[in-house]
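The structure appears right after this line, and notes come after that.
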Amino acid sequence: SLDIDEAEPALRQPDTFTHAAFEADASRAVTASAEGHAQVWDVAAEIPIGGPLQHGSPCRVALTPDGSLAVTISTKHGVKVWEAESGRLLGIADAPEGVGQVGWPWFLADGRLVIRWGRPRRVEIWDVAGGPARVASFRADSSAMSLAGSPDGSQAAVGEYANVASVWDTVSSRLLARSFRHDRAVDAVAFSWDGSVLATGSRDQWVSLWNVADGTRIGLGMHHAAGVGAVAFHPSGTMMATGTGDGVLRLWDVASQRQIGEPRRHGSDWFHAD
(Lines give C-alpha, C1' and ligand atoms only; values in the text may rest on other atoms or scores of the structure.)
Protein backbone atom coordinates (compact mmCIF):
# COMPACT_ATOMS: atom_id res chain seq x y z
CA SER A 1 0.00 0.00 0.00
CA LEU A 2 1.04 3.63 -0.52
CA ASP A 3 1.38 6.02 2.39
CA ILE A 4 0.26 9.32 0.89
CA ASP A 5 2.10 11.33 3.56
CA GLU A 6 5.41 9.72 2.52
CA ALA A 7 4.87 9.64 -1.25
CA GLU A 8 7.18 11.74 -3.43
CA PRO A 9 5.44 14.22 -5.75
CA ALA A 10 5.42 12.91 -9.31
CA LEU A 11 5.68 16.20 -11.21
CA ARG A 12 7.99 18.91 -9.91
CA GLN A 13 8.32 22.53 -10.95
CA PRO A 14 10.28 25.32 -9.27
CA ASP A 15 7.27 27.36 -8.11
CA THR A 16 3.66 26.91 -7.00
CA PHE A 17 1.19 24.95 -9.12
CA THR A 18 -1.96 26.99 -9.78
CA HIS A 19 -3.84 24.90 -12.37
CA ALA A 20 -3.50 21.58 -14.19
CA ALA A 21 -5.28 19.69 -16.98
CA PHE A 22 -4.97 16.30 -18.71
CA GLU A 23 -5.48 15.12 -22.26
CA ALA A 24 -8.27 12.60 -22.88
CA ASP A 25 -6.27 9.43 -22.09
CA ALA A 26 -4.34 11.07 -19.19
CA SER A 27 -0.94 10.25 -20.70
CA ARG A 28 -0.03 13.94 -20.83
CA ALA A 29 -0.72 16.79 -18.43
CA VAL A 30 -0.14 20.52 -18.50
CA THR A 31 0.45 22.59 -15.38
CA ALA A 32 0.43 26.33 -14.72
CA SER A 33 2.58 28.16 -12.19
CA ALA A 34 2.21 31.28 -10.10
CA GLU A 35 5.13 32.81 -12.03
CA GLY A 36 3.22 32.88 -15.33
CA HIS A 37 4.56 29.89 -17.20
CA ALA A 38 3.19 26.42 -18.02
CA GLN A 39 4.73 23.00 -18.61
CA VAL A 40 3.59 19.90 -20.53
CA TRP A 41 4.44 16.55 -18.87
CA ASP A 42 4.71 12.89 -19.75
CA VAL A 43 2.65 11.53 -16.86
CA ALA A 44 3.93 7.92 -16.88
CA ALA A 45 7.60 8.92 -17.15
CA GLU A 46 7.13 11.89 -14.78
CA ILE A 47 9.29 14.12 -17.01
CA PRO A 48 8.64 17.44 -18.79
CA ILE A 49 7.96 17.51 -22.53
CA GLY A 50 9.68 20.44 -24.18
CA GLY A 51 10.57 23.64 -22.38
CA PRO A 52 8.42 25.93 -20.24
CA LEU A 53 5.61 27.78 -22.02
CA GLN A 54 6.16 31.43 -21.13
CA HIS A 55 2.67 32.91 -20.92
CA GLY A 56 3.68 36.07 -19.05
CA SER A 57 1.18 36.10 -16.18
CA PRO A 58 -0.66 33.56 -13.99
CA CYS A 59 -2.92 31.59 -16.32
CA ARG A 60 -5.36 28.74 -16.81
CA VAL A 61 -4.29 25.83 -19.00
CA ALA A 62 -5.83 23.12 -21.19
CA LEU A 63 -4.70 20.31 -23.50
CA THR A 64 -6.48 19.25 -26.68
CA PRO A 65 -8.06 15.77 -26.38
CA ASP A 66 -5.21 14.25 -28.43
CA GLY A 67 -2.54 16.07 -26.40
CA SER A 68 -0.95 17.77 -29.42
CA LEU A 69 -1.72 21.37 -28.42
CA ALA A 70 -1.53 23.22 -25.11
CA VAL A 71 -3.47 26.40 -24.43
CA THR A 72 -2.65 29.07 -21.83
CA ILE A 73 -5.22 31.75 -20.97
CA SER A 74 -5.27 34.94 -18.91
CA THR A 75 -7.09 38.26 -19.10
CA LYS A 76 -3.75 40.13 -19.26
CA HIS A 77 -1.97 38.14 -21.97
CA GLY A 78 -4.91 36.57 -23.82
CA VAL A 79 -5.19 33.10 -25.32
CA LYS A 80 -1.98 31.43 -26.50
CA VAL A 81 -1.75 28.12 -28.38
CA TRP A 82 1.43 26.03 -28.18
CA GLU A 83 2.71 22.89 -29.87
CA ALA A 84 2.88 20.50 -26.91
CA GLU A 85 5.84 18.47 -28.15
CA SER A 86 8.19 21.34 -28.92
CA GLY A 87 6.78 24.20 -26.84
CA ARG A 88 6.58 26.38 -29.97
CA LEU A 89 4.07 29.26 -29.86
CA LEU A 90 1.59 28.81 -32.71
CA GLY A 91 -0.82 31.69 -32.18
CA ILE A 92 -2.15 34.33 -29.81
CA ALA A 93 -5.39 36.29 -29.44
CA ASP A 94 -6.41 39.04 -27.02
CA ALA A 95 -8.91 38.41 -24.24
CA PRO A 96 -12.17 40.38 -24.44
CA GLU A 97 -12.21 43.76 -22.68
CA GLY A 98 -13.27 43.89 -19.04
CA VAL A 99 -14.07 40.21 -18.59
CA GLY A 100 -12.65 39.70 -15.10
CA GLN A 101 -11.05 36.42 -14.17
CA VAL A 102 -10.83 33.28 -16.31
CA GLY A 103 -12.91 30.28 -15.25
CA TRP A 104 -11.94 26.66 -15.92
CA PRO A 105 -11.32 26.07 -19.66
CA TRP A 106 -12.15 22.69 -21.17
CA PHE A 107 -12.40 21.04 -24.56
CA LEU A 108 -15.51 19.79 -26.30
CA ALA A 109 -15.35 16.36 -27.91
CA ASP A 110 -14.85 17.95 -31.34
CA GLY A 111 -11.70 19.79 -30.22
CA ARG A 112 -13.17 23.26 -29.74
CA LEU A 113 -12.22 25.04 -26.51
CA VAL A 114 -14.77 26.44 -24.04
CA ILE A 115 -13.69 29.44 -21.94
CA ARG A 116 -15.81 30.92 -19.16
CA TRP A 117 -15.00 34.56 -18.44
CA GLY A 118 -16.03 35.98 -15.08
CA ARG A 119 -17.43 39.49 -15.01
CA PRO A 120 -19.88 39.59 -17.94
CA ARG A 121 -21.01 35.95 -17.42
CA ARG A 122 -19.73 35.27 -20.93
CA VAL A 123 -19.01 31.79 -22.27
CA GLU A 124 -17.01 31.54 -25.50
CA ILE A 125 -16.20 28.70 -27.92
CA TRP A 126 -12.75 28.88 -29.56
CA ASP A 127 -11.12 27.09 -32.47
CA VAL A 128 -7.51 26.55 -31.45
CA ALA A 129 -6.38 24.24 -34.26
CA GLY A 130 -6.41 27.04 -36.80
CA GLY A 131 -6.20 29.91 -34.46
CA PRO A 132 -6.86 30.79 -31.82
CA ALA A 133 -10.16 32.37 -32.89
CA ARG A 134 -13.59 32.83 -31.29
CA VAL A 135 -16.23 30.93 -33.22
CA ALA A 136 -19.26 31.31 -30.90
CA SER A 137 -20.25 32.94 -27.63
CA PHE A 138 -23.24 33.27 -25.34
CA ARG A 139 -24.04 35.06 -22.10
CA ALA A 140 -25.76 33.43 -19.15
CA ASP A 141 -28.49 35.43 -17.41
CA SER A 142 -26.62 35.06 -14.10
CA SER A 143 -23.13 34.02 -13.02
CA ALA A 144 -22.05 30.74 -14.63
CA MET A 145 -21.18 28.43 -11.73
CA SER A 146 -20.54 25.24 -13.73
CA LEU A 147 -20.22 24.04 -17.33
CA ALA A 148 -20.45 20.74 -19.20
CA GLY A 149 -20.38 19.70 -22.86
CA SER A 150 -22.52 17.05 -24.49
CA PRO A 151 -20.63 13.97 -25.75
CA ASP A 152 -20.81 15.13 -29.38
CA GLY A 153 -19.87 18.74 -28.51
CA SER A 154 -23.07 20.19 -30.02
CA GLN A 155 -24.49 21.44 -26.71
CA ALA A 156 -23.20 23.07 -23.54
CA ALA A 157 -24.97 23.12 -20.19
CA VAL A 158 -24.45 26.03 -17.79
CA GLY A 159 -25.27 25.84 -14.09
CA GLU A 160 -26.27 29.33 -12.99
CA TYR A 161 -26.30 31.28 -9.74
CA ALA A 162 -29.98 32.12 -10.37
CA ASN A 163 -31.14 28.60 -9.33
CA VAL A 164 -31.34 27.22 -12.86
CA ALA A 165 -29.35 25.40 -15.54
CA SER A 166 -29.48 26.31 -19.22
CA VAL A 167 -28.54 24.39 -22.37
CA TRP A 168 -27.03 26.14 -25.42
CA ASP A 169 -26.21 25.22 -29.01
CA THR A 170 -22.41 25.54 -29.30
CA VAL A 171 -22.48 26.34 -33.03
CA SER A 172 -25.31 28.89 -33.30
CA SER A 173 -25.02 30.19 -29.68
CA ARG A 174 -28.80 29.73 -29.42
CA LEU A 175 -30.42 29.13 -26.04
CA LEU A 176 -32.16 25.74 -26.28
CA ALA A 177 -33.68 25.49 -22.79
CA ARG A 178 -33.58 27.20 -19.39
CA SER A 179 -36.08 25.06 -17.53
CA PHE A 180 -33.87 22.95 -15.24
CA ARG A 181 -34.73 24.61 -11.93
CA HIS A 182 -33.59 24.28 -8.32
CA ASP A 183 -34.20 26.28 -5.13
CA ARG A 184 -30.61 27.51 -4.93
CA ALA A 185 -27.57 28.00 -7.20
CA VAL A 186 -26.65 25.15 -9.56
CA ASP A 187 -22.99 24.36 -8.90
CA ALA A 188 -22.67 21.16 -10.96
CA VAL A 189 -23.91 19.92 -14.35
CA ALA A 190 -23.14 16.80 -16.40
CA PHE A 191 -24.49 15.11 -19.52
CA SER A 192 -24.99 11.36 -19.67
CA TRP A 193 -22.66 9.60 -22.10
CA ASP A 194 -25.38 9.39 -24.77
CA GLY A 195 -26.31 13.06 -24.26
CA SER A 196 -29.98 12.36 -23.51
CA VAL A 197 -29.95 13.13 -19.77
CA LEU A 198 -28.68 16.18 -17.89
CA ALA A 199 -27.76 15.94 -14.20
CA THR A 200 -27.83 19.11 -12.11
CA GLY A 201 -26.43 19.48 -8.59
CA SER A 202 -27.39 22.40 -6.38
CA ARG A 203 -26.75 24.15 -3.10
CA ASP A 204 -30.30 23.09 -2.20
CA GLN A 205 -28.73 19.64 -1.54
CA TRP A 206 -30.50 17.92 -4.44
CA VAL A 207 -29.34 16.29 -7.66
CA SER A 208 -31.97 16.15 -10.39
CA LEU A 209 -32.01 14.25 -13.67
CA TRP A 210 -33.64 15.83 -16.72
CA ASN A 211 -34.67 14.75 -20.19
CA VAL A 212 -32.62 17.08 -22.40
CA ALA A 213 -35.03 16.85 -25.35
CA ASP A 214 -38.14 18.14 -23.55
CA GLY A 215 -36.83 19.53 -20.23
CA THR A 216 -38.89 17.24 -18.01
CA ARG A 217 -37.58 15.98 -14.69
CA ILE A 218 -36.83 12.27 -14.44
CA GLY A 219 -37.82 10.73 -11.10
CA LEU A 220 -37.82 12.40 -7.69
CA GLY A 221 -34.14 13.33 -7.45
CA MET A 222 -31.34 12.45 -5.04
CA HIS A 223 -31.13 14.24 -1.69
CA HIS A 224 -27.80 14.97 0.06
CA ALA A 225 -26.72 16.24 3.47
CA ALA A 226 -24.92 19.29 2.01
CA GLY A 227 -24.77 21.36 -1.16
CA VAL A 228 -23.75 19.43 -4.26
CA GLY A 229 -20.62 20.64 -6.07
CA ALA A 230 -19.83 17.72 -8.40
CA VAL A 231 -21.77 15.25 -10.55
CA ALA A 232 -20.51 12.68 -13.07
CA PHE A 233 -21.98 9.76 -15.01
CA HIS A 234 -20.29 6.38 -15.37
CA PRO A 235 -19.72 5.52 -19.07
CA SER A 236 -22.23 2.67 -18.77
CA GLY A 237 -24.95 5.19 -17.96
CA THR A 238 -26.23 3.03 -15.12
CA MET A 239 -24.35 4.71 -12.28
CA MET A 240 -23.32 8.22 -11.27
CA ALA A 241 -21.17 9.90 -8.62
CA THR A 242 -21.90 13.03 -6.62
CA GLY A 243 -19.69 15.12 -4.34
CA THR A 244 -20.86 17.54 -1.66
CA GLY A 245 -19.56 20.44 0.40
CA ASP A 246 -19.12 18.25 3.48
CA GLY A 247 -16.45 16.24 1.65
CA VAL A 248 -18.57 13.17 0.90
CA LEU A 249 -18.66 11.12 -2.32
CA ARG A 250 -21.76 9.08 -3.08
CA LEU A 251 -22.51 6.56 -5.82
CA TRP A 252 -26.05 6.23 -7.20
CA ASP A 253 -28.04 3.85 -9.37
CA VAL A 254 -29.40 6.03 -12.17
CA ALA A 255 -32.57 4.03 -12.86
CA SER A 256 -33.79 3.89 -9.25
CA GLN A 257 -31.98 7.07 -8.07
CA ARG A 258 -31.01 5.14 -4.93
CA GLN A 259 -27.61 5.31 -3.24
CA ILE A 260 -25.17 2.45 -3.81
CA GLY A 261 -23.25 1.38 -0.72
CA GLU A 262 -21.91 3.68 1.97
CA PRO A 263 -20.72 7.27 1.39
CA ARG A 264 -16.98 7.82 0.94
CA ARG A 265 -15.42 10.73 2.80
CA HIS A 266 -12.93 12.96 0.94
CA GLY A 267 -12.13 15.40 3.73
CA SER A 268 -12.78 18.69 1.88
CA ASP A 269 -15.24 20.32 -0.51
CA TRP A 270 -15.91 18.60 -3.85
CA PHE A 271 -15.91 21.05 -6.73
CA HIS A 272 -15.44 18.84 -9.77
CA ALA A 273 -15.76 15.25 -10.88
CA ASP A 274 -15.33 13.61 -14.28
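Chain lettering (A, B, ...) mirrors the order of the C-alpha coordinates, residue numbering begins at 1 for each chain separately, and ligand numbering begins at 1 in order of display.
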**Asked** Could you write out, as a ChimeraX atom specification, all the residues of segment 77-265 of chain A that DSSP marks as strand (DSSP E or B)?
**Response** /A:78-83,89-93,102,106-107,113-117,122-127,133-139,144-149,155-160,164-169,175-181,186-191,197-202,206-211,217-223,228-233,239-244,248-253,258-265
**Request:** Extract, using only C-alpha atoms, all DNA, RNA and protein residues at most 12 Å from segment 167-172 of chain A, discarding same-chain residues fewer than 3 positions from it, and format them as a PyMOL selection string.
**Result:** chain A and resi 107-110+112-114+123-127+134-140+144+146-150+152-160+164+175-180+189-191+195+197-200+210-215
**Item:** Within 12 Å of Ala226 of chain A using only C-alpha atoms, minus same-chain residues under 3 positions, as a VMD selection string
**Value:** chain A and resid 201 to 207 222 to 223 229 to 230 242 to 250 269 to 270
**Message:** Residues near Gly103 of chain A, anyone? I mean within 12 Å using only C-alpha atoms, not counting same-chain ones fewer than 6 positions away, as a VMD selection string.
**Reply:** chain A and resid 19 59 to 62 73 to 75 114 to 124 143 to 147
Within 7 Å of segment 22-36 of chain A, counting only C-alpha atoms, which residues qualify if same-chain residues fewer than 3 places away don't, as a short mmCIF file (atom, residue, chain, number, x, y, z; two decimals) with N, CA and C atoms, in the first residue's frame?
data_model
loop_
_atom_site.label_atom_id
_atom_site.label_comp_id
_atom_site.auth_asym_id
_atom_site.auth_seq_id
_atom_site.Cartn_x
_atom_site.Cartn_y
_atom_site.Cartn_z
N ASP A 15 8.14 26.47 -8.86
CA ASP A 15 7.27 27.36 -8.11
C ASP A 15 5.89 26.73 -7.96
N THR A 16 4.94 27.46 -7.43
CA THR A 16 3.66 26.91 -7.00
C THR A 16 2.78 26.54 -8.19
N PHE A 17 2.21 25.33 -8.14
CA PHE A 17 1.19 24.95 -9.12
C PHE A 17 -0.08 25.76 -8.87
N THR A 18 -0.71 26.27 -9.93
CA THR A 18 -1.96 26.99 -9.78
C THR A 18 -3.11 26.36 -10.57
N HIS A 19 -2.80 25.52 -11.56
CA HIS A 19 -3.84 24.90 -12.37
C HIS A 19 -3.21 23.74 -13.12
N GLN A 39 3.85 24.10 -18.22
CA GLN A 39 4.73 23.00 -18.61
C GLN A 39 3.88 21.79 -18.98
N VAL A 40 4.22 21.16 -20.12
CA VAL A 40 3.59 19.90 -20.53
C VAL A 40 4.43 18.75 -19.98
N TRP A 41 3.76 17.67 -19.53
CA TRP A 41 4.44 16.55 -18.87
C TRP A 41 4.04 15.23 -19.51
N ASP A 42 4.99 14.30 -19.52
CA ASP A 42 4.71 12.89 -19.75
C ASP A 42 4.36 12.30 -18.39
N VAL A 43 3.11 11.92 -18.19
CA VAL A 43 2.65 11.53 -16.86
C VAL A 43 3.31 10.23 -16.40
N ALA A 44 3.37 9.21 -17.27
CA ALA A 44 3.93 7.92 -16.88
C ALA A 44 5.41 8.03 -16.55
N GLN A 54 6.10 30.15 -21.82
CA GLN A 54 6.16 31.43 -21.13
C GLN A 54 4.93 32.27 -21.48
N HIS A 55 3.91 32.17 -20.64
CA HIS A 55 2.67 32.91 -20.92
C HIS A 55 2.81 34.38 -20.56
N GLY A 56 3.45 34.68 -19.43
CA GLY A 56 3.68 36.07 -19.05
C GLY A 56 2.93 36.53 -17.83
N SER A 57 1.93 35.78 -17.38
CA SER A 57 1.18 36.10 -16.18
C SER A 57 0.49 34.82 -15.72
N PRO A 58 0.06 34.75 -14.45
CA PRO A 58 -0.66 33.56 -13.99
C PRO A 58 -1.82 33.23 -14.93
N CYS A 59 -1.99 31.94 -15.25
CA CYS A 59 -2.92 31.59 -16.32
C CYS A 59 -3.64 30.28 -16.01
N ARG A 60 -4.71 30.04 -16.75
CA ARG A 60 -5.36 28.74 -16.81
C ARG A 60 -4.77 27.97 -17.99
N VAL A 61 -4.88 26.65 -17.95
CA VAL A 61 -4.29 25.83 -19.00
C VAL A 61 -5.26 24.74 -19.44
N ALA A 62 -5.03 24.23 -20.66
CA ALA A 62 -5.83 23.12 -21.19
C ALA A 62 -5.00 22.40 -22.25
N LEU A 63 -5.30 21.12 -22.44
CA LEU A 63 -4.70 20.31 -23.50
C LEU A 63 -5.80 19.82 -24.43
N THR A 64 -5.53 19.82 -25.74
CA THR A 64 -6.48 19.25 -26.68
C THR A 64 -6.67 17.76 -26.35
N PRO A 65 -7.82 17.18 -26.72
CA PRO A 65 -8.06 15.77 -26.38
C PRO A 65 -6.97 14.81 -26.84
N ASP A 66 -6.29 15.13 -27.96
CA ASP A 66 -5.21 14.25 -28.43
C ASP A 66 -3.84 14.63 -27.86
N GLY A 67 -3.78 15.68 -27.04
CA GLY A 67 -2.54 16.07 -26.40
C GLY A 67 -1.54 16.80 -27.27
#
**Message:** My list of candidates is A:Val99, A:Val128, A:Ala241, A:Leu209. Which is closest to His182 of chain A when distances are computed with only C-alpha atoms?
**Reply:** A:Leu209
**Prompt:** Do you know which residues are at most 7 Å from Glu83 of chain A counting only C-alpha atoms, after dropping those on the same chain fewer than 2 positions away, and could you put them as a count of residues only?
**Reply:** 9
**Item:** Closest of A:Gly219, A:Trp252, A:Gly51, A:Thr72 to Val231 of chain A - atom-to-atom distances counting only C-alpha atoms
**Value:**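 The answer is A:Trp252, which sits nearest to Val231 of chain A.
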**Asked** Taking only C-alpha atoms into account, which of A:Pro235, A:Gly221, A:Pro105, A:Gly227 comes nearest Pro151 of chain A?
**Response**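 Once distances to Pro151 of chain A are computed over only C-alpha atoms, the minimum belongs to A:Pro235.
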**Item:** Atomic separation - atom CA of Ser192 of chain A relative to atom CA of Ala232 of chain A, Å
**Value:** 8.1 Å
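A straight line drawn from atom CA of Asp194 of chain A to atom CA of Ser166 of chain A is 18.3 Å long.
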